[in-house]
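Enquirer: File start_9.txt below, compact mmCIF, C-alpha atoms and all ligand atoms:
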```txt
# COMPACT_ATOMS: atom_id res chain seq x y z
CA MET A 556 30.74 12.45 -79.07
CA ARG A 557 31.97 11.42 -75.65
CA THR A 558 34.77 8.86 -75.48
CA VAL A 559 34.47 5.54 -73.67
CA ASP A 560 36.94 6.73 -71.04
CA GLU A 561 35.11 10.00 -70.43
CA HIS A 562 31.78 8.22 -70.07
CA LEU A 563 33.23 5.68 -67.67
CA GLN A 564 34.82 8.43 -65.55
CA LEU A 565 31.48 10.15 -65.30
CA ILE A 566 29.75 6.93 -64.25
CA LEU A 567 32.39 6.04 -61.65
CA SER A 568 32.25 9.53 -60.18
CA GLU A 569 28.59 8.89 -59.39
CA ILE A 570 28.95 5.41 -57.95
CA GLY A 571 28.86 5.52 -54.15
CA GLN A 572 29.35 2.82 -51.54
CA LEU A 573 26.98 0.21 -50.16
CA GLU A 574 26.34 -0.14 -46.43
CA PRO A 575 28.32 -3.04 -44.96
CA ILE A 576 26.31 -6.11 -43.97
CA GLU A 577 26.99 -9.10 -41.76
CA LEU A 578 27.32 -12.45 -43.55
CA THR A 579 28.22 -16.00 -42.60
CA LEU A 580 31.67 -17.07 -43.71
CA LEU A 581 30.86 -18.90 -46.93
CA ASP A 582 28.46 -16.18 -48.02
CA ALA A 583 31.29 -13.71 -47.49
CA GLN A 584 33.62 -15.55 -49.86
CA GLY A 585 35.14 -13.24 -52.47
CA LEU A 586 33.97 -10.07 -50.70
CA LEU A 587 35.97 -7.41 -48.90
CA LEU A 588 36.01 -7.20 -45.14
CA ALA A 589 34.37 -4.06 -43.76
CA GLU A 590 35.71 -4.26 -40.20
CA ASN A 591 39.00 -4.69 -38.40
CA VAL A 592 38.93 -8.15 -36.88
CA VAL A 593 40.86 -8.54 -33.63
CA SER A 594 41.39 -12.07 -32.40
CA ALA A 595 39.93 -12.92 -29.01
CA VAL A 596 41.99 -16.08 -28.85
CA SER A 597 45.56 -17.17 -29.41
CA LEU A 598 46.57 -19.53 -32.21
CA PRO A 599 47.53 -22.18 -31.30
CA GLY A 600 45.26 -21.95 -28.27
CA PHE A 601 47.55 -24.13 -26.12
CA ASP A 602 51.01 -25.70 -26.35
CA ASN A 603 50.57 -28.90 -28.32
CA SER A 604 52.52 -31.62 -30.07
CA ALA A 605 53.59 -31.26 -33.70
CA MET A 606 54.21 -35.00 -33.98
CA ASP A 607 53.06 -38.40 -32.85
CA GLY A 608 55.64 -39.46 -30.28
CA TYR A 609 56.55 -39.15 -26.61
CA ALA A 610 56.42 -36.07 -24.40
CA VAL A 611 59.60 -35.82 -22.31
CA ARG A 612 61.76 -33.41 -20.37
CA ALA A 613 64.57 -32.56 -22.81
CA VAL A 614 67.22 -32.63 -20.03
CA ASP A 615 66.39 -36.29 -19.32
CA THR A 616 67.32 -37.27 -22.89
CA VAL A 617 70.74 -35.70 -23.44
CA HIS A 618 72.60 -39.00 -23.54
CA ALA A 619 70.17 -40.97 -25.72
CA THR A 620 71.71 -42.56 -28.87
CA ARG A 621 70.69 -45.30 -31.26
CA GLU A 622 73.51 -47.52 -29.92
CA GLU A 623 72.69 -46.80 -26.29
CA PRO A 624 69.01 -45.88 -26.12
CA LEU A 625 67.57 -44.23 -23.05
CA THR A 626 64.62 -46.10 -21.61
CA LEU A 627 61.88 -44.21 -19.77
CA PRO A 628 58.65 -45.46 -18.16
CA VAL A 629 55.53 -44.41 -20.12
CA VAL A 630 53.00 -43.14 -17.59
CA GLY A 631 50.02 -42.53 -19.91
CA ASP A 632 48.65 -41.40 -23.24
CA VAL A 633 47.64 -37.86 -24.34
CA VAL A 634 45.25 -37.71 -27.28
CA ALA A 635 44.14 -34.79 -29.42
CA GLY A 636 41.01 -33.45 -27.78
CA ALA A 637 42.15 -34.21 -24.22
CA ARG A 638 40.07 -31.80 -22.17
CA ALA A 639 42.44 -31.38 -19.24
CA GLN A 640 46.17 -30.92 -19.19
CA SER A 641 47.96 -33.99 -17.90
CA GLY A 642 51.17 -33.79 -15.92
CA MET A 643 54.27 -35.92 -15.49
CA GLY A 644 57.26 -35.96 -13.25
CA PRO A 645 60.97 -35.94 -14.16
CA GLY A 646 62.41 -39.12 -15.67
CA LEU A 647 59.07 -40.13 -17.19
CA ALA A 648 57.46 -40.02 -20.64
CA MET A 649 53.91 -39.87 -22.02
CA ARG A 650 52.78 -41.16 -25.41
CA ILE A 651 51.35 -38.19 -27.27
CA MET A 652 49.44 -37.61 -30.54
CA THR A 653 49.73 -34.71 -33.00
CA GLY A 654 47.67 -31.78 -31.71
CA ALA A 655 47.42 -33.12 -28.16
CA PRO A 656 48.24 -30.73 -25.27
CA ILE A 657 51.79 -30.94 -23.96
CA PRO A 658 51.64 -32.33 -20.38
CA ALA A 659 52.78 -30.06 -17.57
CA GLY A 660 56.36 -31.06 -16.74
CA ALA A 661 57.28 -31.92 -20.36
CA ASP A 662 59.03 -29.48 -22.71
CA ALA A 663 59.72 -31.53 -25.85
CA VAL A 664 58.36 -34.34 -27.97
CA ILE A 665 60.46 -37.21 -29.31
CA ARG A 666 59.16 -38.40 -32.70
CA LEU A 667 57.77 -41.93 -32.77
CA GLU A 668 60.37 -42.74 -35.47
CA ASP A 669 63.16 -41.96 -32.98
CA THR A 670 61.88 -44.56 -30.48
CA ASP A 671 60.99 -48.26 -30.30
CA GLY A 672 57.28 -47.29 -30.02
CA GLY A 673 57.01 -48.94 -26.57
CA VAL A 674 53.80 -48.83 -24.54
CA ALA A 675 54.86 -49.45 -20.93
CA ARG A 676 58.44 -48.32 -21.45
CA VAL A 677 59.97 -46.50 -24.37
CA ALA A 678 63.51 -46.69 -25.75
CA ILE A 679 64.60 -43.30 -27.06
CA HIS A 680 67.25 -43.15 -29.79
CA ARG A 681 68.19 -39.49 -29.85
CA PRO A 682 68.21 -36.48 -27.53
CA ALA A 683 65.68 -33.65 -27.70
CA GLN A 684 66.21 -29.90 -27.27
CA SER A 685 63.72 -28.03 -25.15
CA GLY A 686 60.84 -27.01 -27.44
CA ASP A 687 61.43 -29.69 -30.09
CA ASN A 688 58.18 -30.63 -31.84
CA VAL A 689 56.17 -28.33 -29.59
CA ARG A 690 53.77 -25.86 -31.22
CA ARG A 691 53.71 -22.87 -28.89
CA MET A 692 50.50 -21.22 -27.77
CA GLY A 693 50.15 -17.90 -29.65
CA GLU A 694 53.12 -18.46 -31.99
CA ASP A 695 50.80 -17.86 -34.99
CA LEU A 696 48.57 -15.15 -33.53
CA GLN A 697 48.23 -13.76 -30.02
CA ALA A 698 44.92 -12.97 -28.36
CA GLY A 699 44.28 -9.23 -28.77
CA GLN A 700 46.23 -8.95 -32.02
CA PRO A 701 44.63 -7.88 -35.33
CA ALA A 702 43.74 -10.92 -37.43
CA LEU A 703 42.50 -9.20 -40.61
CA GLY A 704 42.07 -5.54 -41.51
CA ALA A 705 39.14 -3.78 -43.18
CA GLY A 706 39.54 -4.13 -46.94
CA ALA A 707 41.02 -7.62 -46.82
CA ALA A 708 39.72 -9.86 -49.61
CA LEU A 709 38.12 -12.99 -48.18
CA GLY A 710 39.49 -16.04 -49.95
CA PRO A 711 39.71 -19.55 -48.54
CA GLN A 712 42.77 -18.74 -46.42
CA GLN A 713 41.17 -15.71 -44.77
CA LEU A 714 37.91 -17.60 -44.15
CA ALA A 715 39.95 -20.36 -42.51
CA LEU A 716 41.57 -17.82 -40.19
CA LEU A 717 38.20 -16.33 -39.24
CA ALA A 718 36.88 -19.81 -38.47
CA ALA A 719 40.03 -20.63 -36.50
CA ILE A 720 39.52 -17.62 -34.24
CA GLY A 721 35.88 -18.46 -33.73
CA ARG A 722 34.23 -15.85 -35.98
CA ASP A 723 31.33 -17.35 -37.93
CA ARG A 724 30.02 -14.02 -39.26
CA VAL A 725 31.77 -10.90 -40.44
CA MET A 726 30.92 -7.43 -41.73
CA VAL A 727 31.60 -7.18 -45.46
CA ARG A 728 30.94 -4.95 -48.43
CA PRO A 729 27.85 -6.65 -49.92
CA ARG A 730 27.32 -7.91 -53.42
CA PRO A 731 25.38 -5.24 -55.33
CA ARG A 732 21.88 -6.36 -56.33
CA VAL A 733 21.61 -5.86 -60.08
CA ILE A 734 18.10 -5.85 -61.52
CA VAL A 735 17.95 -6.79 -65.19
CA LEU A 736 15.10 -5.81 -67.53
CA SER A 737 14.80 -6.54 -71.24
CA THR A 738 12.68 -4.15 -73.23
CA GLY A 739 11.12 -4.86 -76.62
CA SER A 740 7.64 -5.76 -77.81
CA GLU A 741 9.17 -8.44 -80.05
CA LEU A 742 10.61 -10.37 -77.10
CA VAL A 743 9.27 -13.63 -75.71
CA GLU A 744 10.36 -15.45 -72.57
CA VAL A 745 12.82 -18.29 -73.15
CA GLY A 746 10.89 -21.52 -73.65
CA THR A 747 7.94 -19.85 -75.36
CA PRO A 748 8.37 -20.64 -79.05
CA PRO A 749 8.70 -17.31 -80.84
CA GLY A 750 6.04 -16.61 -83.47
CA PHE A 751 6.86 -14.77 -86.70
CA GLY A 752 8.63 -11.53 -85.89
CA GLU A 753 9.28 -12.54 -82.27
CA VAL A 754 12.66 -13.06 -80.62
CA SER A 755 13.63 -15.02 -77.51
CA ASP A 756 14.95 -12.75 -74.76
CA ALA A 757 18.66 -13.52 -74.72
CA ASN A 758 19.84 -10.26 -73.16
CA SER A 759 18.47 -10.76 -69.68
CA TYR A 760 20.51 -13.97 -69.44
CA LEU A 761 23.54 -12.26 -70.94
CA VAL A 762 23.40 -9.33 -68.53
CA ALA A 763 22.40 -11.32 -65.44
CA ALA A 764 25.22 -13.81 -66.04
CA ALA A 765 27.72 -11.01 -66.71
CA ALA A 766 26.61 -9.22 -63.53
CA ARG A 767 27.03 -12.37 -61.45
CA ASP A 768 30.41 -12.97 -63.04
CA ALA A 769 31.40 -9.45 -62.02
CA GLY A 770 30.50 -10.32 -58.40
CA ALA A 771 26.94 -9.02 -58.15
CA ASP A 772 23.73 -10.79 -57.25
CA ALA A 773 21.55 -10.56 -60.35
CA TYR A 774 17.76 -10.71 -60.65
CA ARG A 775 16.06 -11.13 -64.02
CA VAL A 776 12.82 -9.24 -64.02
CA GLY A 777 12.12 -10.37 -67.56
CA ILE A 778 10.51 -8.64 -70.46
CA VAL A 779 8.84 -5.24 -70.65
CA PRO A 780 7.12 -4.29 -73.92
CA ASP A 781 7.80 -1.00 -75.68
CA ASP A 782 5.20 0.83 -73.63
CA HIS A 783 5.86 4.04 -71.74
CA THR A 784 3.70 3.33 -68.68
CA ARG A 785 4.60 -0.34 -68.34
CA LEU A 786 8.28 0.48 -68.49
CA LEU A 787 8.09 3.15 -65.79
CA ASP A 788 5.89 0.89 -63.62
CA ALA A 789 8.29 -2.01 -63.98
CA LEU A 790 11.28 0.15 -63.04
CA GLU A 791 9.41 1.76 -60.16
CA SER A 792 8.46 -1.62 -58.72
CA GLN A 793 12.11 -2.72 -58.64
CA LEU A 794 13.65 0.38 -57.08
CA LEU A 795 13.38 -0.85 -53.50
CA ARG A 796 15.54 -3.91 -53.99
CA ALA A 797 17.98 -2.55 -56.58
CA ASP A 798 21.53 -1.33 -56.14
CA ILE A 799 21.87 -1.08 -59.93
CA LEU A 800 19.24 -1.26 -62.68
CA VAL A 801 20.16 -2.43 -66.16
CA THR A 802 17.82 -2.29 -69.14
CA THR A 803 18.54 -3.38 -72.68
CA GLY A 804 16.90 -2.13 -75.86
CA GLY A 805 14.98 0.97 -76.78
CA VAL A 806 17.77 3.55 -76.63
CA SER A 807 18.30 4.24 -80.33
CA MET A 808 16.69 6.84 -82.57
CA GLY A 809 13.61 4.79 -83.51
CA ALA A 810 10.04 5.98 -83.01
CA PHE A 811 9.41 3.13 -80.56
CA ASP A 812 12.58 3.48 -78.53
CA VAL A 813 10.58 3.80 -75.38
CA VAL A 814 13.35 3.59 -72.81
CA LYS A 815 14.96 6.70 -74.18
CA GLN A 816 11.67 8.57 -74.52
CA ALA A 817 10.22 7.64 -71.15
CA LEU A 818 13.37 8.11 -69.10
CA SER A 819 14.39 11.33 -70.84
CA GLU A 820 11.15 12.82 -69.52
CA VAL A 821 11.92 11.66 -65.98
CA GLY A 822 14.93 13.95 -66.24
CA THR A 823 17.51 12.06 -64.19
CA VAL A 824 18.80 9.77 -66.93
CA GLU A 825 21.00 11.09 -69.71
CA PHE A 826 21.12 9.53 -73.18
CA THR A 827 24.39 10.04 -75.00
CA GLN A 828 26.31 8.90 -78.02
CA ILE A 829 29.61 7.28 -77.14
CA ALA A 830 32.49 7.01 -79.58
CA MET A 831 32.51 3.23 -79.62
CA GLN A 832 31.51 0.37 -81.87
CA PRO A 833 29.30 -1.39 -81.08
CA GLY A 834 27.42 0.34 -78.26
CA LYS A 835 27.08 3.92 -79.46
CA PRO A 836 23.76 4.85 -77.78
CA GLN A 837 24.03 4.70 -73.98
CA GLY A 838 21.83 5.85 -71.16
CA PHE A 839 23.05 6.42 -67.62
CA GLY A 840 21.57 8.20 -64.64
CA HIS A 841 19.67 7.69 -61.40
CA LEU A 842 16.12 6.78 -60.50
CA GLY A 843 14.02 7.23 -57.40
CA GLU A 844 14.57 8.78 -53.99
CA ASP A 845 17.59 6.59 -53.33
CA LYS A 846 19.15 7.62 -56.64
CA VAL A 847 19.65 4.06 -57.84
CA PRO A 848 22.13 4.04 -60.75
CA ILE A 849 20.52 2.90 -63.99
CA PHE A 850 22.29 1.76 -67.17
CA CYS A 851 20.25 1.69 -70.36
CA LEU A 852 22.15 -0.46 -72.83
CA PRO A 853 21.41 -0.94 -76.52
CA GLY A 854 19.44 -4.05 -77.44
CA ASN A 855 21.64 -5.91 -79.89
CA PRO A 856 23.21 -8.67 -77.80
CA VAL A 857 26.79 -7.91 -78.82
CA SER A 858 26.23 -4.20 -78.10
CA ALA A 859 24.78 -5.14 -74.72
CA LEU A 860 27.80 -7.31 -73.87
CA VAL A 861 30.32 -4.68 -74.95
CA SER A 862 28.44 -1.92 -73.10
CA PHE A 863 28.28 -4.08 -69.99
CA GLU A 864 32.02 -4.75 -70.12
CA ALA A 865 32.86 -1.12 -70.77
CA PHE A 866 30.61 0.51 -68.16
CA VAL A 867 28.56 -1.77 -65.91
CA ARG A 868 31.23 -4.21 -64.86
CA PRO A 869 33.63 -1.51 -63.61
CA ALA A 870 30.74 0.07 -61.69
CA ILE A 871 29.90 -3.24 -60.01
CA ARG A 872 33.55 -3.80 -59.11
CA ARG A 873 33.74 -0.29 -57.66
CA LEU A 874 30.63 -0.95 -55.55
CA LEU A 875 32.22 -4.16 -54.28
CA GLY A 876 35.16 -2.03 -53.14
CA LYS A 877 37.61 -3.87 -55.41
CA ARG A 878 40.88 -2.11 -56.08
CA GLN A 879 41.13 -3.78 -59.48
CA ILE A 880 37.94 -2.70 -61.22
CA HIS A 881 39.16 -3.30 -64.77
CA ARG A 882 39.67 -6.62 -66.41
CA ALA A 883 43.27 -7.52 -67.10
CA THR A 884 44.33 -7.19 -70.74
CA VAL A 885 47.09 -8.94 -72.68
CA GLN A 886 48.98 -8.05 -75.84
CA ALA A 887 48.48 -10.43 -78.74
CA ILE A 888 49.47 -10.69 -82.39
CA ALA A 889 46.50 -10.21 -84.74
CA LEU A 890 46.22 -13.13 -87.16
CA GLU A 891 44.11 -11.24 -89.70
CA THR A 892 43.80 -7.71 -91.07
CA VAL A 893 40.70 -5.80 -89.95
CA ARG A 894 39.43 -2.25 -90.41
CA SER A 895 38.13 -0.02 -87.65
CA PRO A 896 36.18 3.26 -87.85
CA ALA A 897 38.17 6.46 -87.25
CA GLY A 898 37.33 8.21 -83.99
CA LYS A 899 35.66 5.23 -82.33
CA ARG A 900 36.95 2.56 -80.01
CA GLN A 901 36.11 -0.73 -81.60
CA TYR A 902 35.49 -3.90 -79.62
CA ARG A 903 35.84 -6.99 -81.78
CA ARG A 904 35.03 -10.50 -80.73
CA GLY A 905 38.10 -12.70 -80.93
CA VAL A 906 39.55 -16.05 -80.11
CA LEU A 907 42.73 -15.79 -78.09
CA HIS A 908 45.36 -18.48 -78.55
CA ARG A 909 48.41 -19.25 -76.44
CA GLU A 910 51.43 -19.70 -78.70
CA ALA A 911 54.04 -22.38 -78.03
CA SER A 912 56.54 -19.50 -77.74
CA GLY A 913 54.62 -18.25 -74.69
CA GLY A 914 52.99 -15.20 -76.30
CA TYR A 915 49.41 -14.79 -77.49
CA SER A 916 47.79 -14.50 -80.87
CA VAL A 917 44.21 -13.58 -81.66
CA SER A 918 41.88 -14.35 -84.54
CA PHE A 919 38.59 -12.59 -85.18
CA VAL A 920 35.23 -14.31 -85.24
CA VAL A 921 33.33 -14.38 -88.52
CA GLY A 922 31.06 -11.37 -89.00
CA ASP A 923 31.12 -8.17 -86.99
CA GLY A 924 27.38 -7.45 -86.86
CA SER A 925 26.21 -6.78 -83.33
CA HIS A 926 23.20 -9.08 -83.75
CA LEU A 927 25.40 -12.18 -84.26
CA ILE A 928 24.87 -14.16 -81.06
CA ALA A 929 26.30 -17.47 -82.24
CA SER A 930 29.42 -15.75 -83.45
CA MET A 931 29.71 -13.93 -80.10
CA ALA A 932 29.38 -17.26 -78.30
CA SER A 933 32.34 -18.63 -80.25
CA SER A 934 34.61 -15.87 -78.93
CA ASN A 935 36.58 -15.85 -75.69
CA CYS A 936 37.82 -12.27 -75.69
CA LEU A 937 37.24 -8.73 -76.86
CA VAL A 938 39.91 -7.07 -78.99
CA LEU A 939 40.18 -3.35 -78.19
CA ILE A 940 41.08 -1.19 -81.18
CA ASP A 941 41.80 2.39 -80.20
CA GLU A 942 39.95 5.44 -81.48
CA GLU A 943 42.70 6.67 -83.78
CA VAL A 944 43.47 3.27 -85.37
CA THR A 945 41.70 2.60 -88.68
CA GLU A 946 43.39 -0.64 -89.64
CA VAL A 947 45.04 -3.49 -87.81
CA VAL A 948 47.24 -5.45 -90.17
CA ALA A 949 47.92 -9.12 -89.70
CA GLY A 950 51.01 -9.46 -87.51
CA ALA A 951 50.39 -6.24 -85.56
CA ARG A 952 50.08 -6.14 -81.78
CA VAL A 953 46.62 -5.58 -80.32
CA THR A 954 45.21 -5.21 -76.83
CA VAL A 955 42.95 -8.10 -75.86
CA MET A 956 40.60 -8.43 -72.93
CA PRO A 957 40.11 -12.13 -72.19
CA LEU A 958 36.59 -12.77 -70.91
CA LEU A 959 37.74 -15.27 -68.31
CA LEU A 960 35.17 -16.64 -65.92
CA SER A 961 35.78 -15.13 -62.52
CA HIS A 962 34.18 -17.89 -60.41
CA ARG A 963 33.13 -15.00 -58.22
P1 LIG B 1001 16.83 -2.04 -79.85
O1 LIG B 1001 18.06 -1.59 -79.15
O2 LIG B 1001 15.65 -2.12 -78.94
O3 LIG B 1001 16.56 -1.21 -81.06
O4 LIG B 1001 17.11 -3.50 -80.34
C1 LIG B 1001 18.10 -3.76 -81.30
C2 LIG B 1001 18.06 -5.20 -81.76
O5 LIG B 1001 18.33 -6.05 -80.67
C3 LIG B 1001 16.71 -5.63 -82.29
O6 LIG B 1001 16.91 -6.48 -83.40
C4 LIG B 1001 16.11 -6.38 -81.13
O7 LIG B 1001 15.17 -7.34 -81.52
C5 LIG B 1001 17.32 -7.01 -80.51
N1 LIG B 1001 17.08 -7.25 -79.09
C6 LIG B 1001 16.66 -6.32 -78.23
N2 LIG B 1001 16.53 -6.85 -76.99
C7 LIG B 1001 16.85 -8.15 -77.10
C8 LIG B 1001 16.90 -9.22 -76.17
N3 LIG B 1001 16.57 -9.04 -74.90
N4 LIG B 1001 17.31 -10.41 -76.59
C9 LIG B 1001 17.65 -10.59 -77.89
N5 LIG B 1001 17.63 -9.63 -78.83
C10 LIG B 1001 17.23 -8.40 -78.45
MG MG B 1002 13.69 -2.38 -79.19
```
For the file at hand, write its structure as C-alpha cells.
Expert:
Amino acid sequence: MRTVDEHLQLILSEIGQLEPIELTLLDAQGLLLAENVVSAVSLPGFDNSAMDGYAVRAVDTVHATREEPLTLPVVGDVVAGARAQSGMGPGLAMRIMTGAPIPAGADAVIRLEDTDGGVARVAIHRPAQSGDNVRRMGEDLQAGQPALGAGAALGPQQLALLAAIGRDRVMVRPRPRVIVLSTGSELVEVGTPPGFGEVSDANSYLVAAAARDAGADAYRVGIVPDDHTRLLDALESQLLRADILVTTGGVSMGAFDVVKQALSEVGTVEFTQIAMQPGKPQGFGHLGEDKVPIFCLPGNPVSALVSFEAFVRPAIRRLLGKRQIHRATVQAIALETVRSPAGKRQYRRGVLHREASGGYSVSFVVGDGSHLIASMASSNCLVLIDEEVTEVVAGARVTVMPLLLSHR
C-alpha cells in the first residue's frame, strides 16, 4: 500500500499552474500577484501638511515663544483638495488643513495647538524647523519604483497600496474552479425528503465548502446515480470549466462502484489503496484534452473530509501558488487512550482545547465510524496518528491539525 505522503507527492508532482488573470482589487483579495507592479506616481503625490495649523517659513519663527508669541498676518486658507498650489511671501502665514498642499514659499507647518488659532492674524507660540509637519512628495514611494513584486499576497494593506497608486485591476493567480459531483443511486438532493433507503447528499456541501475554504471557487454539480454512461457524461460536460474535478462515492470494491469501474476503463485515472484510516480507496488522475486533475474520494462523509484534507486541499493551495500548502499543526496532550491500526495513518476527529497553562489538549469525539456526520460536526480538528503508532495513551503528545476557517 502507498503511504499518504507518497500519494500526496505523486499528486503534487502532477499539479501545474493556472494562467494568470486580471481581477479588480476586491476580487483579488487573498490571491497572489502575478506581475511586478511599478508605481506610476509618487506617494505622497505632493508636499502636504501632516497637521491642521499654519503654513510658515521656518526662518520667520525662530524667536517665537509662549511668553513672547510671534504674530503673523494670515493671508488665506488652504484646504485638503485644493486644486492649485497657493503661494505666500516671507513674513506671512496661511491657515492649512491636514492633507492640504503646502503653499509655495512655506517650508513648515505650525500645529494649531501651538498658536492662538487666529483668523486674520495668528500668534505663534513656538519656532518651527524647516520641514516640520510636512509630508514630502515621494517619501513613501517614488514614481518609477516597484510597489509590489510578483508573488506578493494581496491582503488589505497591499490592496490599499494598489488603490493608492491608481491601479484598480491587477494580474493574479486565479482561484481554481473546483467542480464537485456526488455519486450514488441512493442520494437525493437536499430538501427532497429521502424515502426508505435514500440519503440526502451531504458530501457535495462538504467538499464544496472545504474547497472554498481552501481558496477555490467551488461549483456543486449535484448528484449522479451509479450509472456508467451518466457518470462519464456528467464529467465530460464539466471538463471545460473545471480546474479540478472531485467526485465522492463509488471507489470501493463493490459491484456498483461505478466511478472506479468507469474511470479505470478511461485509463487516465488510477485507483489505489492508501495506508490511511479512513480514506483507504483513492482515485487520482486526469481527464480530457486539457488533462484536468480529478480526485475520486470515498463516499462516507468522514472519509471524504479526511481525503480532501490529505490530498485535495494541498493541491488547491499549490494551484493558488501558496508557499504554505499544508495546514499548520499543533502538539496537544491526548485526554483519552485510543488505538490505531498498525501501518496506517489514522485521522481521528477531535476537540482541541486551549489549556490555562498555554498548551493544548485534545479529546476524541464519540465513535470513529466514517459514516458519523453528527460526530464529525462536533469536532474542530483532526488528530494525526502516525503509521507505526498502535496506541496513544492518555497524557501522550499527539499532532493535531485544527480545522480553522480560513476566511479565504
Ligand atoms: P460509497 O463510497 O459509494 O460506497 O459510499 C459509502 C457510504 O457513504 C454509503 O453509505 C453512502 O450512502 C454514503 N455516501 C456516499 N455519498 C454520499 C453523499 N454524497 N452524502 C452522504 N452520504 C454519502
Ligand atoms: Mg456508492
Enquirer: Quick one: which chain A residues come within 9 Å of ligand MG 1002 (chain B), and what is the nearest atom pair for each with the distance in Å to one decimal, counting all atoms listed in the file, rows ordered by chain and ascending number, as a tab-separated table?
Expert:
```
residue	atom	partner	partner_atom	distance
A:Thr738	CA	B:MG1002	MG	6.3
A:Gly739	CA	B:MG1002	MG	4.4
A:Ser740	CA	B:MG1002	MG	7.1
A:Glu741	CA	B:MG1002	MG	7.6
A:Leu742	CA	B:MG1002	MG	8.8
A:Pro780	CA	B:MG1002	MG	8.6
A:Asp781	CA	B:MG1002	MG	7.0
A:Thr803	CA	B:MG1002	MG	8.2
A:Gly804	CA	B:MG1002	MG	4.6
A:Gly805	CA	B:MG1002	MG	4.3
A:Val806	CA	B:MG1002	MG	7.6
A:Ser807	CA	B:MG1002	MG	8.1
A:Gly809	CA	B:MG1002	MG	8.4
A:Phe811	CA	B:MG1002	MG	7.1
A:Asp812	CA	B:MG1002	MG	6.0
A:Val813	CA	B:MG1002	MG	7.9
A:Val814	CA	B:MG1002	MG	8.7
A:Pro853	CA	B:MG1002	MG	8.3
A:Gly854	CA	B:MG1002	MG	6.2
A:Asn855	CA	B:MG1002	MG	8.7
```
Enquirer: If we draw a sphere of 10 Å around (11.8, -19.8, -66.5), which residues have at least one atom in it when counting only C-alpha atoms? Please report them as a PyMOL selection string.
Expert: chain A and resi 744-747+775+777
Enquirer: Return the single residue from A:Gly710, A:Leu927, A:Leu567, A:Phe826 that is closest to Ile880 of chain A, with distances computed using only C-alpha atoms.
Expert: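 Among the listed residues, the smallest separation from Ile880 of chain A belongs to A:Leu567.
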Enquirer: Counting all atoms listed in the file, what is within 9 Å of Gln828 of chain A, bar same-chain residues fewer than 2 positions away, as a list of chain:residue names?
Expert: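 Contacts, with the query itself left out: A:Met556, A:Arg557, A:Thr558, A:Phe826, A:Ala830, A:Met831, A:Gly834, A:Lys835, A:Pro836, A:Gln837, A:Gly838.
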Enquirer: Go through A:Ser755, A:Ser862, A:Thr823, A:Thr892 and flag the residue nearest ligand LIG 1001 (chain B), using all atoms listed in the file for the distances.
Expert: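 Checking each candidate against ligand LIG 1001 (chain B), we get A:Ser755 as the closest.
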Enquirer: Return the single residue from A:Leu586, A:Met808, A:Ala683, A:Cys936 that is closest to ligand LIG 1001 (chain B), with distances computed using all atoms listed in the file.
Expert: A:Met808
Enquirer: Between atom CA of Ser759 of chain A and atom CA of Gln816 of chain A, what distance in Å does the model show, to one decimal?
Expert: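 About the pair atom CA of Ser759 of chain A and atom CA of Gln816 of chain A: they are 21.1 Å apart.
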Enquirer: Find, counting all atoms listed in the file, the residue in A:Val725, A:Ala605, A:Ala887, A:Ile928 that gets nearest to ligand LIG 1001 (chain B).
Expert: A:Ile928
Enquirer: Distance atom CA of Ser858 of chain A-atom CA of Leu958 of chain A, one decimal place?
Expert: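 For atom CA of Ser858 of chain A relative to atom CA of Leu958 of chain A, the distance reads 15.2 Å.
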Enquirer: Suppose you want the space between atom CA of Leu890 of chain A and atom CA of Glu943 of chain A; what is it in Å?
Expert: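 Distance between the two atoms: 20.4 Å.
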Enquirer: Calculated over all atoms listed in the file, which of the candidates A:Gln713, A:Asp687, A:Ile566, A:Gly752 has the smallest distance to ligand LIG 1001 (chain B)?
Expert: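 Closest to ligand LIG 1001 (chain B) of all the choices is A:Gly752.
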Enquirer: Rank A:Asp756, A:Asp632, A:Glu623, A:Glu561 by their smallest atom-to-atom distance to ligand LIG 1001 (chain B), using only C-alpha atoms and all ligand atoms, and report the top residue only.
Expert: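 Closest residue, counting only C-alpha atoms and all ligand atoms: A:Asp756.
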Enquirer: Return the padded bounding box of segment 916-925 of chain A as AutoDock Vina command-line options: axis-aligned, built from all atoms listed in the file, 8 Å added on each side, with centre and edge lengths in Å to one decimal.
Expert:
```
--center_x 37.0 --center_y -10.6 --center_z -84.9 --size_x 37.6 --size_y 23.7 --size_z 24.1
```
Enquirer: Excluding Val920 of chain A and its own-chain neighbours fewer than 3 positions away, which residues fall within 7 Å of it when counting all atoms listed in the file? Please give them as a JSON list (two decimals) with C-alpha atoms, in the coordinates of the input.
Expert:
```json
[["chain", "number", "residue", "atom", "x", "y", "z"],
["A", 904, "ARG", "CA", 35.03, -10.50, -80.73],
["A", 905, "GLY", "CA", 38.10, -12.70, -80.93],
["A", 906, "VAL", "CA", 39.55, -16.05, -80.11],
["A", 930, "SER", "CA", 29.42, -15.75, -83.45],
["A", 934, "SER", "CA", 34.61, -15.87, -78.93]]
```
Enquirer: Tell me, as a list in words, which residues lie within 7 Å of Pro856 of chain A, counting all atoms listed in the file; anything in the same chain fewer than 6 positions away does not count.
Expert: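 Here the answer would be Asn758, Ser925, His926 and Ile928 of chain A.
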Enquirer: With a distance cut-off of 8 Å and all atoms listed in the file, select the neighbouring residues of Leu794 of chain A, excluding the residue or stretch itself and same-chain residues fewer than 2 positions from it, and output the selection as a list in words.
Expert: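 The contact residues come out as Leu790, Glu791, Ser792, Arg796, Ala797, Leu842, Gly843 and Val847 of chain A.
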